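**Student:** One file: coords-v9.cif (mmCIF, C-alpha atoms).
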```cif
data_upload
loop_
_atom_site.group_PDB
_atom_site.id
_atom_site.type_symbol
_atom_site.label_atom_id
_atom_site.label_comp_id
_atom_site.auth_asym_id
_atom_site.auth_seq_id
_atom_site.Cartn_x
_atom_site.Cartn_y
_atom_site.Cartn_z
ATOM 1 C CA MET A 1 14.471 9.995 20.342
ATOM 2 C CA THR A 2 13.095 13.424 19.558
ATOM 3 C CA THR A 3 12.744 13.502 15.759
ATOM 4 C CA ALA A 4 11.242 11.259 13.098
ATOM 5 C CA THR A 5 14.655 10.987 11.443
ATOM 6 C CA GLU A 6 15.992 9.187 14.519
ATOM 7 C CA THR A 7 13.371 6.453 14.156
ATOM 8 C CA LEU A 8 14.131 5.623 10.508
ATOM 9 C CA SER A 9 14.441 1.891 9.866
ATOM 10 C CA GLY A 10 16.651 2.245 6.802
ATOM 11 C CA LYS A 11 13.998 0.703 4.578
ATOM 12 C CA THR A 12 13.734 2.326 1.138
ATOM 13 C CA HIS A 13 11.295 2.209 -1.764
ATOM 14 C CA ARG A 14 13.395 -0.596 -3.253
ATOM 15 C CA ASP A 15 12.533 -2.816 -0.275
ATOM 16 C CA GLU A 16 8.768 -2.680 -0.722
ATOM 17 C CA ASN A 17 6.619 -5.614 -1.862
ATOM 18 C CA PHE A 18 5.331 -3.621 -4.842
ATOM 19 C CA PRO A 19 7.037 -1.171 -7.243
ATOM 20 C CA VAL A 20 7.327 2.428 -6.099
ATOM 21 C CA ALA A 21 8.072 5.009 -8.823
ATOM 22 C CA SER A 22 9.854 2.446 -11.001
ATOM 23 C CA TRP A 23 11.593 3.212 -14.303
ATOM 24 C CA LEU A 24 8.261 2.571 -16.024
ATOM 25 C CA MET A 25 7.032 5.886 -14.697
ATOM 26 C CA SER A 26 7.959 9.178 -16.320
ATOM 27 C CA ALA A 27 11.028 10.735 -14.663
ATOM 28 C CA ARG A 28 9.195 14.034 -14.093
ATOM 29 C CA HIS A 29 6.681 12.257 -11.862
ATOM 30 C CA ARG A 30 9.084 10.092 -9.872
ATOM 31 C CA GLY A 31 10.441 12.946 -7.736
ATOM 32 C CA PRO A 32 7.139 13.926 -6.063
ATOM 33 C CA ILE A 33 6.201 10.278 -5.544
ATOM 34 C CA LEU A 34 9.547 9.474 -3.925
ATOM 35 C CA ALA A 35 9.180 12.565 -1.698
ATOM 36 C CA PHE A 36 5.744 11.259 -0.724
ATOM 37 C CA TYR A 37 7.249 7.832 -0.026
ATOM 38 C CA ARG A 38 9.987 9.362 2.144
ATOM 39 C CA PHE A 39 7.413 11.234 4.217
ATOM 40 C CA VAL A 40 5.200 8.159 4.604
ATOM 41 C CA ARG A 41 8.163 5.906 5.409
ATOM 42 C CA ALA A 42 9.233 8.249 8.204
ATOM 43 C CA ALA A 43 5.724 8.368 9.675
ATOM 44 C CA ASP A 44 5.395 4.584 9.415
ATOM 45 C CA ASP A 45 8.705 4.099 11.239
ATOM 46 C CA VAL A 46 7.518 6.426 14.008
ATOM 47 C CA ALA A 47 4.307 4.410 14.430
ATOM 48 C CA ASP A 48 6.237 1.127 14.472
ATOM 49 C CA SER A 49 8.996 2.226 16.852
ATOM 50 C CA SER A 50 9.369 0.067 19.948
ATOM 51 C CA MET A 51 11.337 2.833 21.656
ATOM 52 C CA LEU A 52 8.530 5.384 21.745
ATOM 53 C CA SER A 53 5.427 5.641 23.905
ATOM 54 C CA MET A 54 2.036 6.220 22.317
ATOM 55 C CA ASP A 55 2.113 9.900 23.318
ATOM 56 C CA GLN A 56 5.588 10.352 21.832
ATOM 57 C CA LYS A 57 4.473 8.747 18.567
ATOM 58 C CA LEU A 58 1.422 10.977 18.342
ATOM 59 C CA ALA A 59 3.503 14.088 19.068
ATOM 60 C CA MET A 60 6.022 13.183 16.349
ATOM 61 C CA LEU A 61 3.270 12.472 13.839
ATOM 62 C CA ASP A 62 1.676 15.820 14.674
ATOM 63 C CA GLY A 63 5.065 17.437 14.113
ATOM 64 C CA LEU A 64 5.387 15.852 10.678
ATOM 65 C CA GLY A 65 1.931 17.119 9.758
ATOM 66 C CA ASP A 66 2.695 20.627 10.988
ATOM 67 C CA ALA A 67 5.970 20.700 9.050
ATOM 68 C CA LEU A 68 4.251 19.503 5.894
ATOM 69 C CA CYS A 69 1.605 22.218 6.137
ATOM 70 C CA GLY A 70 4.071 24.956 7.092
ATOM 71 C CA ARG A 71 2.588 25.371 10.573
ATOM 72 C CA GLY A 72 5.713 24.415 12.498
ATOM 73 C CA PRO A 73 9.484 23.969 12.252
ATOM 74 C CA GLU A 74 10.836 22.361 9.085
ATOM 75 C CA ASP A 75 11.419 18.617 9.219
ATOM 76 C CA PRO A 76 13.883 16.937 6.806
ATOM 77 C CA GLU A 77 11.428 14.076 6.241
ATOM 78 C CA ALA A 78 8.578 16.455 5.363
ATOM 79 C CA GLU A 79 10.343 19.282 3.543
ATOM 80 C CA PRO A 80 10.893 17.513 0.165
ATOM 81 C CA LEU A 81 7.199 16.667 -0.030
ATOM 82 C CA ARG A 82 6.126 20.161 1.073
ATOM 83 C CA LEU A 83 8.203 21.661 -1.734
ATOM 84 C CA ALA A 84 6.953 19.119 -4.280
ATOM 85 C CA LEU A 85 3.335 19.823 -3.355
ATOM 86 C CA ARG A 86 3.887 23.563 -3.672
ATOM 87 C CA GLU A 87 5.604 23.176 -7.044
ATOM 88 C CA ARG A 88 2.774 21.018 -8.427
ATOM 89 C CA GLY A 89 -0.034 22.927 -6.747
ATOM 90 C CA LEU A 90 -1.195 19.762 -4.971
ATOM 91 C CA SER A 91 -3.016 19.402 -1.656
ATOM 92 C CA PRO A 92 -1.393 17.683 1.348
ATOM 93 C CA ARG A 93 -4.694 15.866 2.076
ATOM 94 C CA HIS A 94 -3.498 12.402 1.029
ATOM 95 C CA ALA A 95 -0.377 12.609 3.196
ATOM 96 C CA LEU A 96 -2.475 13.899 6.101
ATOM 97 C CA ASP A 97 -4.864 10.947 5.719
ATOM 98 C CA LEU A 98 -1.886 8.624 6.012
ATOM 99 C CA LEU A 99 -0.804 10.381 9.203
ATOM 100 C CA ASP A 100 -4.252 9.542 10.596
ATOM 101 C CA ALA A 101 -3.609 5.883 9.717
ATOM 102 C CA PHE A 102 -0.346 5.946 11.639
ATOM 103 C CA ARG A 103 -2.076 7.618 14.580
ATOM 104 C CA LEU A 104 -4.451 4.648 14.531
ATOM 105 C CA ASP A 105 -1.455 2.314 14.555
ATOM 106 C CA ALA A 106 -0.168 4.087 17.654
ATOM 107 C CA ARG A 107 -3.514 3.703 19.444
ATOM 108 C CA LYS A 108 -5.106 0.547 18.037
ATOM 109 C CA SER A 109 -3.831 -3.002 17.711
ATOM 110 C CA ARG A 110 -6.920 -5.103 16.902
ATOM 111 C CA TYR A 111 -9.631 -5.026 14.210
ATOM 112 C CA ALA A 112 -13.019 -6.522 14.926
ATOM 113 C CA ASN A 113 -14.187 -7.176 11.372
ATOM 114 C CA TRP A 114 -13.600 -6.588 7.668
ATOM 115 C CA ALA A 115 -15.431 -3.248 7.720
ATOM 116 C CA GLU A 116 -13.034 -1.916 10.382
ATOM 117 C CA LEU A 117 -10.074 -3.100 8.339
ATOM 118 C CA MET A 118 -11.421 -1.371 5.212
ATOM 119 C CA ASP A 119 -11.894 1.827 7.244
ATOM 120 C CA TYR A 120 -8.212 1.573 8.126
ATOM 121 C CA CYS A 121 -7.304 0.996 4.460
ATOM 122 C CA ARG A 122 -9.197 4.174 3.534
ATOM 123 C CA LEU A 123 -6.539 6.030 5.502
ATOM 124 C CA SER A 124 -3.494 3.794 5.110
ATOM 125 C CA ALA A 125 -3.659 2.619 1.493
ATOM 126 C CA MET A 126 -6.189 4.419 -0.688
ATOM 127 C CA PRO A 127 -4.539 7.859 -0.303
ATOM 128 C CA VAL A 128 -1.340 6.441 -1.831
ATOM 129 C CA GLY A 129 -3.044 5.574 -5.103
ATOM 130 C CA ARG A 130 -4.962 8.830 -5.107
ATOM 131 C CA PHE A 131 -1.752 10.818 -4.691
ATOM 132 C CA VAL A 132 -0.079 8.998 -7.593
ATOM 133 C CA LEU A 133 -3.117 9.696 -9.769
ATOM 134 C CA ASP A 134 -3.109 13.369 -8.746
ATOM 135 C CA VAL A 135 0.571 13.699 -9.630
ATOM 136 C CA HIS A 136 -0.299 12.380 -13.097
ATOM 137 C CA ASN A 137 -3.325 14.710 -13.327
ATOM 138 C CA GLU A 138 -5.687 11.758 -13.735
ATOM 139 C CA ASP A 139 -9.455 12.075 -13.311
ATOM 140 C CA GLU A 140 -10.848 11.623 -9.785
ATOM 141 C CA ALA A 141 -13.613 9.504 -11.338
ATOM 142 C CA ILE A 142 -11.165 6.571 -11.408
ATOM 143 C CA TRP A 143 -10.454 6.723 -7.678
ATOM 144 C CA PRO A 144 -12.849 3.864 -6.749
ATOM 145 C CA ALA A 145 -10.932 1.330 -8.873
ATOM 146 C CA SER A 146 -7.640 2.642 -7.469
ATOM 147 C CA ASP A 147 -9.030 2.387 -3.934
ATOM 148 C CA ALA A 148 -9.906 -1.291 -4.474
ATOM 149 C CA LEU A 149 -6.429 -2.156 -5.752
ATOM 150 C CA CYS A 150 -4.684 -0.220 -2.979
ATOM 151 C CA ALA A 151 -6.820 -1.929 -0.327
ATOM 152 C CA ALA A 152 -5.882 -5.291 -1.856
ATOM 153 C CA LEU A 153 -2.176 -4.434 -1.615
ATOM 154 C CA GLN A 154 -2.607 -3.452 2.027
ATOM 155 C CA VAL A 155 -4.421 -6.663 2.943
ATOM 156 C CA ILE A 156 -1.756 -8.711 1.158
ATOM 157 C CA ASN A 157 0.953 -6.915 3.144
ATOM 158 C CA HIS A 158 -0.943 -7.573 6.377
ATOM 159 C CA LEU A 159 -1.184 -11.279 5.570
ATOM 160 C CA GLN A 160 2.458 -11.563 4.565
ATOM 161 C CA ASP A 161 3.607 -9.890 7.792
ATOM 162 C CA CYS A 162 0.920 -11.145 10.175
ATOM 163 C CA ALA A 163 3.311 -13.137 12.365
ATOM 164 C CA GLU A 164 5.961 -10.411 12.548
ATOM 165 C CA ASP A 165 3.381 -7.709 13.299
ATOM 166 C CA TYR A 166 2.045 -9.796 16.188
ATOM 167 C CA ARG A 167 5.402 -10.851 17.620
ATOM 168 C CA ARG A 168 7.186 -7.505 17.267
ATOM 169 C CA LEU A 169 4.376 -4.989 17.720
ATOM 170 C CA ASP A 170 1.478 -6.972 19.217
ATOM 171 C CA ARG A 171 -0.517 -5.628 16.281
ATOM 172 C CA VAL A 172 -3.072 -7.790 14.477
ATOM 173 C CA TYR A 173 -4.830 -6.612 11.340
ATOM 174 C CA LEU A 174 -6.575 -9.938 10.699
ATOM 175 C CA PRO A 175 -10.241 -9.310 11.588
ATOM 176 C CA GLN A 176 -11.144 -11.044 14.825
ATOM 177 C CA ASN A 177 -14.518 -12.259 13.549
ATOM 178 C CA VAL A 178 -12.856 -13.992 10.566
ATOM 179 C CA LEU A 179 -10.421 -15.717 12.922
ATOM 180 C CA ALA A 180 -13.291 -16.800 15.170
ATOM 181 C CA GLU A 181 -15.366 -18.131 12.261
ATOM 182 C CA HIS A 182 -12.501 -20.473 11.379
ATOM 183 C CA GLY A 183 -11.857 -21.492 14.975
ATOM 184 C CA ALA A 184 -8.567 -19.563 15.093
ATOM 185 C CA SER A 185 -7.216 -17.248 17.771
ATOM 186 C CA ILE A 186 -4.804 -14.328 17.796
ATOM 187 C CA GLU A 187 -2.346 -16.305 19.923
ATOM 188 C CA MET A 188 -1.893 -18.776 17.046
ATOM 189 C CA LEU A 189 0.093 -16.078 15.235
ATOM 190 C CA GLY A 190 2.868 -16.624 17.765
ATOM 191 C CA THR A 191 3.420 -20.276 16.845
ATOM 192 C CA PRO A 192 6.129 -21.519 14.443
ATOM 193 C CA ARG A 193 3.558 -22.960 12.028
ATOM 194 C CA ALA A 194 -0.039 -21.931 11.337
ATOM 195 C CA SER A 195 -2.770 -24.337 12.421
ATOM 196 C CA ALA A 196 -5.406 -25.496 9.949
ATOM 197 C CA ALA A 197 -7.834 -23.030 11.526
ATOM 198 C CA LEU A 198 -5.469 -20.083 11.078
ATOM 199 C CA ARG A 199 -4.620 -21.194 7.543
ATOM 200 C CA GLY A 200 -8.339 -21.169 6.763
ATOM 201 C CA ALA A 201 -8.752 -17.610 8.015
ATOM 202 C CA ILE A 202 -5.707 -16.409 6.078
ATOM 203 C CA ALA A 203 -6.953 -18.126 2.912
ATOM 204 C CA GLU A 204 -10.336 -16.425 3.224
ATOM 205 C CA LEU A 205 -8.717 -13.015 3.608
ATOM 206 C CA ALA A 206 -6.431 -13.742 0.651
ATOM 207 C CA ARG A 207 -9.510 -14.534 -1.455
ATOM 208 C CA ARG A 208 -11.036 -11.210 -0.436
ATOM 209 C CA ALA A 209 -7.795 -9.511 -1.464
ATOM 210 C CA SER A 210 -8.044 -11.275 -4.832
ATOM 211 C CA GLU A 211 -11.569 -9.931 -5.287
ATOM 212 C CA LEU A 212 -10.352 -6.399 -4.564
ATOM 213 C CA THR A 213 -7.481 -6.892 -7.020
ATOM 214 C CA GLU A 214 -9.892 -7.856 -9.770
ATOM 215 C CA ARG A 215 -12.088 -4.849 -9.000
ATOM 216 C CA GLY A 216 -8.955 -2.761 -9.396
ATOM 217 C CA ALA A 217 -8.430 -4.098 -12.915
ATOM 218 C CA ALA A 218 -10.946 -1.521 -14.138
ATOM 219 C CA LEU A 219 -8.403 1.167 -13.282
ATOM 220 C CA ILE A 220 -5.831 0.345 -15.965
ATOM 221 C CA PRO A 221 -7.830 1.076 -19.154
ATOM 222 C CA GLN A 222 -9.091 4.337 -17.634
ATOM 223 C CA ILE A 223 -5.618 5.808 -17.074
ATOM 224 C CA ALA A 224 -4.538 8.418 -19.605
ATOM 225 C CA ASP A 225 -0.798 8.175 -18.867
ATOM 226 C CA VAL A 226 0.454 5.047 -20.660
ATOM 227 C CA ARG A 227 3.559 4.634 -18.496
ATOM 228 C CA LEU A 228 1.522 4.834 -15.310
ATOM 229 C CA ALA A 229 -0.946 2.302 -16.713
ATOM 230 C CA LEU A 230 1.920 -0.130 -17.345
ATOM 231 C CA GLU A 231 3.292 0.322 -13.819
ATOM 232 C CA ILE A 232 -0.133 -0.363 -12.333
ATOM 233 C CA SER A 233 -0.530 -3.388 -14.617
ATOM 234 C CA ALA A 234 2.723 -4.768 -13.162
ATOM 235 C CA ILE A 235 1.502 -4.076 -9.626
ATOM 236 C CA GLN A 236 -1.818 -5.766 -10.258
ATOM 237 C CA ASN A 237 -0.117 -8.885 -11.627
ATOM 238 C CA LEU A 238 2.113 -9.037 -8.547
ATOM 239 C CA ALA A 239 -0.959 -8.679 -6.321
ATOM 240 C CA ARG A 240 -2.730 -11.514 -8.162
ATOM 241 C CA ARG A 241 0.246 -13.809 -7.677
ATOM 242 C CA LEU A 242 0.802 -12.974 -4.013
ATOM 243 C CA ALA A 243 -2.875 -13.297 -3.099
ATOM 244 C CA ARG A 244 -2.974 -16.683 -4.818
ATOM 245 C CA ASP A 245 0.151 -17.789 -2.946
ATOM 246 C CA LEU A 246 -1.371 -16.707 0.364
ATOM 247 C CA GLU A 247 -4.430 -18.871 -0.274
ATOM 248 C CA THR A 248 -2.234 -21.970 -0.153
ATOM 249 C CA ARG A 249 0.905 -21.065 1.813
ATOM 250 C CA ASP A 250 1.557 -20.545 5.502
ATOM 251 C CA PRO A 251 3.059 -17.084 6.136
ATOM 252 C CA LEU A 252 4.289 -18.247 9.545
ATOM 253 C CA SER A 253 6.567 -20.929 8.129
ATOM 254 C CA GLN A 254 6.764 -20.532 4.339
ATOM 255 C CA PRO A 255 8.093 -17.781 2.062
ATOM 256 C CA VAL A 256 5.262 -15.532 0.914
ATOM 257 C CA HIS A 257 7.398 -12.690 -0.450
ATOM 258 C CA LEU A 258 8.691 -12.840 -4.013
ATOM 259 C CA GLY A 259 12.441 -12.941 -4.579
ATOM 260 C CA LYS A 260 14.023 -10.465 -6.991
ATOM 261 C CA GLY A 261 13.844 -12.890 -9.916
ATOM 262 C CA SER A 262 10.199 -13.814 -9.397
ATOM 263 C CA PHE A 263 9.346 -10.186 -8.707
ATOM 264 C CA ALA A 264 10.819 -9.154 -12.057
ATOM 265 C CA LEU A 265 9.178 -12.011 -13.953
ATOM 266 C CA VAL A 266 5.714 -11.526 -12.492
ATOM 267 C CA GLY A 267 5.878 -7.743 -12.774
ATOM 268 C CA GLY A 268 7.209 -7.996 -16.317
ATOM 269 C CA ALA A 269 4.381 -10.324 -17.275
ATOM 270 C CA GLY A 270 1.979 -7.690 -15.972
ATOM 271 C CA VAL A 271 3.600 -5.048 -18.169
ATOM 272 C CA LEU A 272 3.259 -7.311 -21.226
ATOM 273 C CA ARG A 273 -0.366 -7.982 -20.354
ATOM 274 C CA GLY A 274 -0.977 -4.257 -20.089
ATOM 275 C CA LEU A 275 0.688 -3.615 -23.452
ATOM 276 C CA ALA A 276 -1.348 -6.355 -25.104
ATOM 277 C CA SER A 277 -4.549 -4.938 -23.656
ATOM 278 C CA MET A 278 -3.689 -1.463 -24.958
ATOM 279 C CA LEU A 279 -2.888 -2.778 -28.437
ATOM 280 C CA ILE A 280 -6.141 -4.724 -28.595
ATOM 281 C CA GLY A 281 -8.048 -1.660 -27.434
ATOM 282 C CA ALA A 282 -6.338 0.502 -30.052
ATOM 283 C CA VAL A 283 -7.211 -1.953 -32.819
ATOM 284 C CA ARG A 284 -10.839 -2.114 -31.713
ATOM 285 C CA THR A 285 -11.232 1.653 -31.642
ATOM 286 C CA ARG A 286 -9.347 2.350 -34.880
ATOM 287 C CA PRO A 287 -11.671 3.911 -37.470
ATOM 288 C CA LYS A 288 -12.544 1.541 -40.297
ATOM 289 C CA VAL A 289 -11.288 2.555 -43.733
ATOM 290 C CA ARG A 290 -13.963 2.409 -46.402
ATOM 291 C CA ALA A 291 -12.972 0.893 -49.716
#
```
Taking this structure as input, can you express it in the form of structure tokens?

**Tutor:**
Amino acid sequence: MTTATETLSGKTHRDENFPVASWLMSARHRGPILAFYRFVRAADDVADSSMLSMDQKLAMLDGLGDALCGRGPEDPEAEPLRLALRERGLSPRHALDLLDAFRLDARKSRYANWAELMDYCRLSAMPVGRFVLDVHNEDEAIWPASDALCAALQVINHLQDCAEDYRRLDRVYLPQNVLAEHGASIEMLGTPRASAALRGAIAELARRASELTERGAALIPQIADVRLALEISAIQNLARRLARDLETRDPLSQPVHLGKGSFALVGGAGVLRGLASMLIGAVRTRPKVRA
């Protein structure tokens, strides 16, 4: 393998655990976000490839970054995003932060504590939300709430895929000190069913993800673009449900991903909640008419 294209897994934005540029979003904004997703998907597949050495992964990731910034040969996985950024006058910084996350994935397979995991999320998750907000020309003042929600989504993904990440990649995002506090070990991720100790550690991390999700709730009323606010409301409702499921289910032996029907129902309920919140807010702020 010599190019990022050769490592592609075939996974698309429709296969993700959370909506990516859904029909809720304005059509004029979906193109740049899908170009961003394509670039990130390619880099993620490079970092996760079992056919590449660490040095090969790092070289390919460097190549993607150079292509995105116009410093090297064009790459089909980077070119759509490069053009979209140029058209919108946007910086490549968020995509470059994500490349740093994938470089970490190539080099690092264990996380000592929650702080280390959050440092990883600052590169692997928070830039995604920031890019979407930039595309919609939203205020950078709302980044902290977006960062919290994006970190929650990342932790949820790590918990859902903890067994597969360990078995396929020998990669463990669950903080080692949290495992130790519950009497669990990394090797327990390789068993068919989670022990009580491992279940306890996963439940604690799911509760922390729930706390981040609730901190992210402050984002929705601050968003100027109504369609984006509704999409994020759907995402937040999905995150609430999945984090709650992970507090009680065993991701090693039980389904912790939503099927298409449940995904639509839970996401749709989030949209309705967002609409209701907007209507209530509009009523409260409507000027009173004097008799």

**Student:** Restricting the calculation to all atoms listed in the file: of A:Ala197, A:Ala264, A:Val46, A:Ala4, which residue gets closest to Glu74 (chain A)?

**Tutor:**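 Result for the nearest residue to Glu74 (chain A): A:Ala4.
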
**Student:** Would you mind telling me which residue in A:Ala59, A:Ala229, A:Leu242, A:Ala47 lies nearest to Leu153 (chain A) when using all atoms listed in the file?

**Tutor:**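 When distances to Leu153 (chain A) are compared using all atoms listed in the file, the smallest one comes from A:Leu242.
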
**Student:** Between A:Pro32, A:Gly200, A:Gly261, A:Gly268, which residue has the minimum interatomic distance to Phe131 (chain A), considering only C-alpha atoms?

**Tutor:**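 Answer, going by the shortest atom-to-atom distance: A:Pro32.
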
**Student:** List the neighbours of Ser9 (chain A) out to 9 Å using only C-alpha atoms; skip same-chain residues closer than 3 positions along the sequence, and give me the result as JSON, numbers by chain.

**Tutor:** {"A": [6, 12, 41, 42, 45, 49]}

**Student:** Step by step, gather every atom of region 108-119 of chain A that the file lists, find the box along x, y and z that holds them, add 4 Å on each side, and finally give centre and edge lengths in Å to one decimal, as AutoDock Vina command-line options.

**Tutor:**
```
--center_x -9.6 --center_y -2.7 --center_z 11.6 --size_x 19.6 --size_y 17.0 --size_z 20.8
```

**Student:** Using only C-alpha atoms for the distances, tell me which of A:Leu174, A:Val132, A:Ala239, A:Ala106 is nearest to Asp55 (chain A).

**Tutor:** A:Ala106

**Student:** Nearest residue to Leu52 (chain A) out of A:Ala201, A:Asp139, A:Thr3, A:Ala152, using all atoms listed in the file?

**Tutor:**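 Between A:Ala201, A:Asp139, A:Thr3, A:Ala152, the residue approaching Leu52 (chain A) most closely is A:Thr3.
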
**Student:** Applied to the shown file, which residues does the PyMOL selection byres ((chain A and resi 248-251) around 7) return, written as a list in words?

**Tutor:** Gln160, Ala194, Arg199, Ala203, Asp245, Leu246, Glu247, Leu252, Ser253, Gln254, Pro255 and Val256 of chain A

**Student:** I'd like the residues picked by the PyMOL selection byres ((chain A and resi 90-97) around 7) written out as JSON, numbers by chain, using the chain letters and numbers from the file.

**Tutor:** {"A": [65, 85, 86, 88, 89, 98, 99, 100, 101, 123, 127, 128, 131]}

**Student:** Using the chain letters and numbers from the file, give me the residues hit by the PyMOL selection byres ((chain A and resi 120) around 12), as a short mmCIF file (atom, residue, chain, number, x, y, z; two decimals) with C-alpha atoms, in the frame of the given file.

**Tutor:**
```cif
data_model
loop_
_atom_site.label_atom_id
_atom_site.label_comp_id
_atom_site.auth_asym_id
_atom_site.auth_seq_id
_atom_site.Cartn_x
_atom_site.Cartn_y
_atom_site.Cartn_z
CA ASP A 97 -4.86 10.95 5.72
CA LEU A 98 -1.89 8.62 6.01
CA LEU A 99 -0.80 10.38 9.20
CA ASP A 100 -4.25 9.54 10.60
CA ALA A 101 -3.61 5.88 9.72
CA PHE A 102 -0.35 5.95 11.64
CA ARG A 103 -2.08 7.62 14.58
CA LEU A 104 -4.45 4.65 14.53
CA ASP A 105 -1.46 2.31 14.56
CA LYS A 108 -5.11 0.55 18.04
CA SER A 109 -3.83 -3.00 17.71
CA ARG A 110 -6.92 -5.10 16.90
CA TYR A 111 -9.63 -5.03 14.21
CA ALA A 112 -13.02 -6.52 14.93
CA ASN A 113 -14.19 -7.18 11.37
CA TRP A 114 -13.60 -6.59 7.67
CA ALA A 115 -15.43 -3.25 7.72
CA GLU A 116 -13.03 -1.92 10.38
CA LEU A 117 -10.07 -3.10 8.34
CA MET A 118 -11.42 -1.37 5.21
CA ASP A 119 -11.89 1.83 7.24
CA CYS A 121 -7.30 1.00 4.46
CA ARG A 122 -9.20 4.17 3.53
CA LEU A 123 -6.54 6.03 5.50
CA SER A 124 -3.49 3.79 5.11
CA ALA A 125 -3.66 2.62 1.49
CA MET A 126 -6.19 4.42 -0.69
CA PRO A 127 -4.54 7.86 -0.30
CA CYS A 150 -4.68 -0.22 -2.98
CA ALA A 151 -6.82 -1.93 -0.33
CA GLN A 154 -2.61 -3.45 2.03
CA VAL A 155 -4.42 -6.66 2.94
CA HIS A 158 -0.94 -7.57 6.38
CA TYR A 173 -4.83 -6.61 11.34
CA LEU A 174 -6.58 -9.94 10.70
CA PRO A 175 -10.24 -9.31 11.59
#
```

**Student:** I'd like a table as CSV: residues in region 77-194 of chain A with an atom no more than 8 Å from region 214-217 of chain A, each row giving the shortest atom pair and its distance in Å to one decimal, all atoms listed in the file counted, sorted by chain and rising residue number.

**Tutor:**
```
residue,atom,partner,partner_atom,distance
A:Ala145,CA,A:Gly216,CA,4.6
A:Ser146,CA,A:Gly216,CA,5.9
A:Asp147,CA,A:Gly216,CA,7.5
A:Ala148,CA,A:Gly216,CA,5.2
A:Leu149,CA,A:Gly216,CA,4.5
```

**Student:** So how many Å separate CA of Arg82 (chain A) and CA of Cys69 (chain A), to one decimal?

**Tutor:**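 For CA of Arg82 (chain A) relative to CA of Cys69 (chain A), the distance reads 7.1 Å.
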
**Student:** Calculate how many Å separate CA of Arg167 (chain A) from CA of Pro192 (chain A), rounding to one decimal.

**Tutor:**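 Atom-to-atom, CA of Arg167 (chain A) and CA of Pro192 (chain A) are spaced 11.2 Å apart.
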
**Student:** Under the rule that all atoms listed in the file are counted, which of A:Leu133, A:Glu204, A:Val20, A:Ala43 is the nearest residue to Val178 (chain A)?

**Tutor:**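 Nearest to Val178 (chain A): A:Glu204.
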
**Student:** Between CA of Gln222 (chain A) and CA of Leu258 (chain A), measure the distance and give it in Å to one decimal.

**Tutor:**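 That distance, rounded to one decimal, is 28.2 Å.
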
**Student:** For region 17-26 of chain A, supply N, CA, C and O atoms and report the output as a short mmCIF file (atom, residue, chain, number, x, y, z; two decimals), in the coordinates of the input.

**Tutor:**
```cif
data_model
loop_
_atom_site.label_atom_id
_atom_site.label_comp_id
_atom_site.auth_asym_id
_atom_site.auth_seq_id
_atom_site.Cartn_x
_atom_site.Cartn_y
_atom_site.Cartn_z
N ASN A 17 7.15 -4.43 -1.19
CA ASN A 17 6.62 -5.61 -1.86
C ASN A 17 6.10 -5.32 -3.27
O ASN A 17 5.91 -6.23 -4.07
N PHE A 18 5.86 -4.02 -3.54
CA PHE A 18 5.33 -3.62 -4.84
C PHE A 18 6.15 -2.44 -5.36
O PHE A 18 6.73 -1.69 -4.58
N PRO A 19 6.23 -2.27 -6.68
CA PRO A 19 7.04 -1.17 -7.24
C PRO A 19 6.60 0.20 -6.74
O PRO A 19 5.40 0.46 -6.59
N VAL A 20 7.58 1.04 -6.48
CA VAL A 20 7.33 2.43 -6.10
C VAL A 20 8.12 3.32 -7.05
O VAL A 20 9.35 3.28 -7.06
N ALA A 21 7.43 4.09 -7.88
CA ALA A 21 8.07 5.01 -8.82
C ALA A 21 9.18 4.31 -9.61
O ALA A 21 10.32 4.78 -9.66
N SER A 22 8.87 3.20 -10.23
CA SER A 22 9.85 2.45 -11.00
C SER A 22 10.21 3.18 -12.29
O SER A 22 9.62 4.21 -12.63
N TRP A 23 11.16 2.61 -13.04
CA TRP A 23 11.59 3.21 -14.30
C TRP A 23 10.46 3.28 -15.32
O TRP A 23 10.54 4.03 -16.30
N LEU A 24 9.40 2.51 -15.11
CA LEU A 24 8.26 2.57 -16.02
C LEU A 24 7.61 3.95 -16.01
O LEU A 24 7.03 4.40 -17.00
N MET A 25 7.70 4.60 -14.88
CA MET A 25 7.03 5.89 -14.70
C MET A 25 7.88 7.02 -15.27
O MET A 25 9.11 6.96 -15.23
N SER A 26 7.24 8.03 -15.78
CA SER A 26 7.96 9.18 -16.32
C SER A 26 8.84 9.81 -15.24
O SER A 26 8.42 9.97 -14.09
#
```
